[in-house]
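Peer 1: I have a structure I would like to understand better, so I am pasting it below and will then ask my questions one at a time.
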Amino acid sequence: MKRFPIEDFLARLGHHPVQRRANAVWYRSPYREERTPSFKVHPERNLWFDFGEGKGGNIFALAGEFIGSGDFTMQVGYVAEVAGMPVQEPRNNSAVRQPAGASFEDVEVLPLQNRALIRYLQERGIPSAIAIANCKEIHYTTHGKRYFAVAFGNGSGGYEIRNPFFKGCVPPKDMTLLPSGSTVCNVYEGFMDYLSARVLGIGNGEDHLVLNSVSNVAKAFRHLDGYGQIKCHFDNDEAGRRTLEALCARYGERVSDCSGVYGGCQDMNEHLQKTLAERQVRRENEKKSKSIKM
């Protein structure tokens, strides 16, 4: 399990390289928000280092960052879950590991109202009306400290959580199906892409399925089998292509690749932010043009 490639581990969680060099692969940190990639993976040694946080290690240490726990058995369990590897349970029943969710204490879910969280989503192009209608606000304690984040619920009662400095999941991990009675389903890797689609008016009146991780694609079959058309809005990278291929192999011509809508961008949210920035530039240029004519 220790030799399971960290690159593959991150890809299954929906995180993909920004840059490749001779002996290193660079990412934006997978467990906190950042714009300049400072998270380095050394494929040959299968180790990682986060220069922004000044820490690193092997795949188990990385799993600990995702689940917020230094407990080794919990880290092993999380790696096994993501990598799809069997784990032999301890023979002593009293020593059976606690679920990863045990690292999140005093969890409180509220309507989204925190101004800092709403502003964070607005900076990513998501207006408050859409954010409040689709997301919650979660407060939790981990390692004795209190935190809050945007929360997006899944089908098993867990939450995908985001704030400007962290992204993760309050277990259990699962997909989110948003049905409306349509025979068409739009599929996304993460909830930020789903929210971006709502802003752009994509899929109005149709069903939506948020995988919350490309590793959930096989689990999605039970939801997708009954749809006549499946529109895929995956990232423009290798993991996104593999996920699309998995759905095409099962559903054939029922699958549509919609990534061309945001060609040139990594994902739907990057496309939304770029679109909004271009609109703002046009408005400013129009104002300048009018003032010059006057």
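Starting from 1 in every chain, residues are counted up; chains themselves are A, B, ... following the order of the structure tokens, and ligands are numbered from 1 as listed.
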Please list as an mmCIF file with C-alpha atoms, in the first residue's frame every residue within 10 Å of Phe9 of chain A, counting only C-alpha atoms and excluding residues in the same chain fewer than 2 positions away.

Peer 2:
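The result, stored in out_38.cif:
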```cif
data_model
loop_
_atom_site.group_PDB
_atom_site.id
_atom_site.type_symbol
_atom_site.label_atom_id
_atom_site.label_comp_id
_atom_site.auth_asym_id
_atom_site.auth_seq_id
_atom_site.Cartn_x
_atom_site.Cartn_y
_atom_site.Cartn_z
ATOM 1 C CA PHE A 4 0.698 2.922 -4.329
ATOM 2 C CA PRO A 5 1.608 5.952 -6.522
ATOM 3 C CA ILE A 6 0.751 9.264 -4.874
ATOM 4 C CA GLU A 7 -0.081 10.622 -8.346
ATOM 5 C CA ALA A 11 -6.082 11.608 -9.273
ATOM 6 C CA ARG A 12 -8.706 9.366 -7.659
ATOM 7 C CA LEU A 13 -9.522 12.231 -5.308
ATOM 8 C CA GLY A 14 -9.893 14.649 -8.234
ATOM 9 C CA HIS A 15 -6.527 16.460 -7.954
ATOM 10 C CA ILE A 59 1.132 8.390 1.195
ATOM 11 C CA LEU A 62 -0.864 12.619 2.967
ATOM 12 C CA ALA A 63 -3.971 10.631 3.886
ATOM 13 C CA VAL A 79 -5.665 4.936 1.554
ATOM 14 C CA VAL A 82 -9.354 5.520 -2.152
ATOM 15 C CA ALA A 83 -7.021 2.971 -3.780
ATOM 16 C CA SER A 215 -13.034 7.450 -7.849
#
```

Peer 1: Neighbouring residues of Arg28 of chain A were defined as those with any atom within 10 Å, considering only C-alpha atoms; residues of the same chain fewer than 6 positions away were excluded. Please report them as number ranges by chain.

Peer 2: A: 15-19, 34-40, 50, 52

Peer 1: Can you check which parts of segment 240-281 of chain A lie within 10 Å of segment 179-190 of chain A? Per residue, the shortest pair of atoms and distance in Å to one decimal, counting only C-alpha atoms, sorted by chain and number, as JSON lines.

Peer 2:
```
{"residue": "A:Gly240", "atom": "CA", "partner": "A:Glu189", "partner_atom": "CA", "distance": 8.2}
{"residue": "A:Thr243", "atom": "CA", "partner": "A:Glu189", "partner_atom": "CA", "distance": 9.2}
{"residue": "A:Leu244", "atom": "CA", "partner": "A:Val187", "partner_atom": "CA", "distance": 10.0}
{"residue": "A:Arg254", "atom": "CA", "partner": "A:Val184", "partner_atom": "CA", "distance": 9.5}
{"residue": "A:Val255", "atom": "CA", "partner": "A:Cys185", "partner_atom": "CA", "distance": 9.7}
{"residue": "A:Ser256", "atom": "CA", "partner": "A:Asn186", "partner_atom": "CA", "distance": 9.4}
{"residue": "A:Cys258", "atom": "CA", "partner": "A:Asn186", "partner_atom": "CA", "distance": 9.4}
{"residue": "A:Asp267", "atom": "CA", "partner": "A:Glu189", "partner_atom": "CA", "distance": 9.4}
{"residue": "A:Met268", "atom": "CA", "partner": "A:Tyr188", "partner_atom": "CA", "distance": 9.1}
{"residue": "A:Asn269", "atom": "CA", "partner": "A:Gly190", "partner_atom": "CA", "distance": 9.9}
```

Peer 1: Selection from above, all heavy atoms, as a PDB file, in the first residue's frame, can you write it?

Peer 2:
```pdb
ATOM      1  N   GLY A 240      -9.917  13.214 -16.036  1.00  0.00           N
ATOM      2  CA  GLY A 240     -11.208  13.502 -16.638  1.00  0.00           C
ATOM      3  C   GLY A 240     -11.468  12.648 -17.857  1.00  0.00           C
ATOM      4  O   GLY A 240     -12.582  12.150 -18.063  1.00  0.00           O
ATOM      5  N   THR A 243     -12.263   9.057 -16.848  1.00  0.00           N
ATOM      6  CA  THR A 243     -13.620   8.948 -16.317  1.00  0.00           C
ATOM      7  C   THR A 243     -14.638   8.944 -17.447  1.00  0.00           C
ATOM      8  O   THR A 243     -15.606   8.173 -17.440  1.00  0.00           O
ATOM      9  CB  THR A 243     -13.908  10.109 -15.350  1.00  0.00           C
ATOM     10  OG1 THR A 243     -12.882  10.165 -14.348  1.00  0.00           O
ATOM     11  CG2 THR A 243     -15.250   9.929 -14.659  1.00  0.00           C
ATOM     12  N   LEU A 244     -14.419   9.805 -18.426  1.00  0.00           N
ATOM     13  CA  LEU A 244     -15.294   9.841 -19.597  1.00  0.00           C
ATOM     14  C   LEU A 244     -15.256   8.500 -20.328  1.00  0.00           C
ATOM     15  O   LEU A 244     -16.302   7.971 -20.727  1.00  0.00           O
ATOM     16  CB  LEU A 244     -14.867  10.970 -20.537  1.00  0.00           C
ATOM     17  CG  LEU A 244     -15.637  11.081 -21.854  1.00  0.00           C
ATOM     18  CD1 LEU A 244     -17.086  11.491 -21.602  1.00  0.00           C
ATOM     19  CD2 LEU A 244     -14.953  12.080 -22.791  1.00  0.00           C
ATOM     20  N   ARG A 254     -25.013   7.083 -25.578  1.00  0.00           N
ATOM     21  CA  ARG A 254     -25.797   7.883 -24.628  1.00  0.00           C
ATOM     22  C   ARG A 254     -24.955   8.969 -23.962  1.00  0.00           C
ATOM     23  O   ARG A 254     -25.500   9.901 -23.367  1.00  0.00           O
ATOM     24  CB  ARG A 254     -26.417   6.981 -23.565  1.00  0.00           C
ATOM     25  CG  ARG A 254     -27.630   6.209 -24.022  1.00  0.00           C
ATOM     26  CD  ARG A 254     -28.352   5.590 -22.848  1.00  0.00           C
ATOM     27  NE  ARG A 254     -27.759   4.334 -22.418  1.00  0.00           N
ATOM     28  CZ  ARG A 254     -28.056   3.725 -21.286  1.00  0.00           C
ATOM     29  NH1 ARG A 254     -28.910   4.271 -20.446  1.00  0.00           N
ATOM     30  NH2 ARG A 254     -27.483   2.574 -20.966  1.00  0.00           N
ATOM     31  N   VAL A 255     -23.640   8.838 -24.037  1.00  0.00           N
ATOM     32  CA  VAL A 255     -22.725   9.767 -23.369  1.00  0.00           C
ATOM     33  C   VAL A 255     -22.310  10.893 -24.310  1.00  0.00           C
ATOM     34  O   VAL A 255     -21.963  10.659 -25.466  1.00  0.00           O
ATOM     35  CB  VAL A 255     -21.476   9.025 -22.862  1.00  0.00           C
ATOM     36  CG1 VAL A 255     -20.458  10.008 -22.281  1.00  0.00           C
ATOM     37  CG2 VAL A 255     -21.860   7.986 -21.815  1.00  0.00           C
ATOM     38  N   SER A 256     -22.348  12.129 -23.794  1.00  0.00           N
ATOM     39  CA  SER A 256     -21.875  13.299 -24.541  1.00  0.00           C
ATOM     40  C   SER A 256     -20.735  13.956 -23.763  1.00  0.00           C
ATOM     41  O   SER A 256     -20.852  14.162 -22.549  1.00  0.00           O
ATOM     42  CB  SER A 256     -23.003  14.320 -24.727  1.00  0.00           C
ATOM     43  OG  SER A 256     -24.086  13.762 -25.436  1.00  0.00           O
ATOM     44  N   CYS A 258     -19.020  17.178 -22.920  1.00  0.00           N
ATOM     45  CA  CYS A 258     -19.333  18.616 -22.963  1.00  0.00           C
ATOM     46  C   CYS A 258     -18.148  19.484 -22.573  1.00  0.00           C
ATOM     47  O   CYS A 258     -18.310  20.696 -22.372  1.00  0.00           O
ATOM     48  CB  CYS A 258     -20.517  18.915 -22.049  1.00  0.00           C
ATOM     49  SG  CYS A 258     -22.029  18.039 -22.500  1.00  0.00           S
ATOM     50  N   ASP A 267     -11.290  23.452 -15.955  1.00  0.00           N
ATOM     51  CA  ASP A 267     -12.603  22.941 -15.568  1.00  0.00           C
ATOM     52  C   ASP A 267     -13.664  24.025 -15.744  1.00  0.00           C
ATOM     53  O   ASP A 267     -13.376  25.139 -16.187  1.00  0.00           O
ATOM     54  CB  ASP A 267     -12.589  22.422 -14.123  1.00  0.00           C
ATOM     55  CG  ASP A 267     -12.088  23.463 -13.123  1.00  0.00           C
ATOM     56  OD1 ASP A 267     -12.292  24.681 -13.362  1.00  0.00           O
ATOM     57  OD2 ASP A 267     -11.487  23.078 -12.105  1.00  0.00           O
ATOM     58  N   MET A 268     -14.884  23.688 -15.377  1.00  0.00           N
ATOM     59  CA  MET A 268     -16.019  24.592 -15.545  1.00  0.00           C
ATOM     60  C   MET A 268     -15.868  25.866 -14.718  1.00  0.00           C
ATOM     61  O   MET A 268     -16.203  26.964 -15.170  1.00  0.00           O
ATOM     62  CB  MET A 268     -17.303  23.865 -15.138  1.00  0.00           C
ATOM     63  CG  MET A 268     -18.566  24.689 -15.332  1.00  0.00           C
ATOM     64  SD  MET A 268     -19.263  24.522 -16.974  1.00  0.00           S
ATOM     65  CE  MET A 268     -19.937  22.872 -16.884  1.00  0.00           C
ATOM     66  N   ASN A 269     -15.354  25.745 -13.495  1.00  0.00           N
ATOM     67  CA  ASN A 269     -15.235  26.924 -12.647  1.00  0.00           C
ATOM     68  C   ASN A 269     -14.191  27.900 -13.179  1.00  0.00           C
ATOM     69  O   ASN A 269     -14.393  29.121 -13.139  1.00  0.00           O
ATOM     70  CB  ASN A 269     -14.893  26.524 -11.214  1.00  0.00           C
ATOM     71  CG  ASN A 269     -14.886  27.716 -10.277  1.00  0.00           C
ATOM     72  OD1 ASN A 269     -13.839  28.087  -9.738  1.00  0.00           O
ATOM     73  ND2 ASN A 269     -16.039  28.346 -10.094  1.00  0.00           N
TER      74      ASN A 269
END
```

Peer 1: Report the closest atom pair, with its distance in Å rounded to one decimal, for each residue of segment 105-144 of chain A that has an atom no farther than 9 Å from segment 270-276 of chain A; count only C-alpha atoms, sort by chain and then rising residue number, and write it as JSON lines.

Peer 2:
```
{"residue": "A:Glu123", "atom": "CA", "partner": "A:Gln273", "partner_atom": "CA", "distance": 8.3}
{"residue": "A:Arg124", "atom": "CA", "partner": "A:Gln273", "partner_atom": "CA", "distance": 6.2}
{"residue": "A:Gly125", "atom": "CA", "partner": "A:Gln273", "partner_atom": "CA", "distance": 5.5}
{"residue": "A:Ile126", "atom": "CA", "partner": "A:Leu272", "partner_atom": "CA", "distance": 8.8}
```

Peer 1: In Å, rounded to a single decimal, give me how far atom CA of Leu209 of chain A is from atom CA of Gly77 of chain A.

Peer 2: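 It comes out at 26.3 Å.
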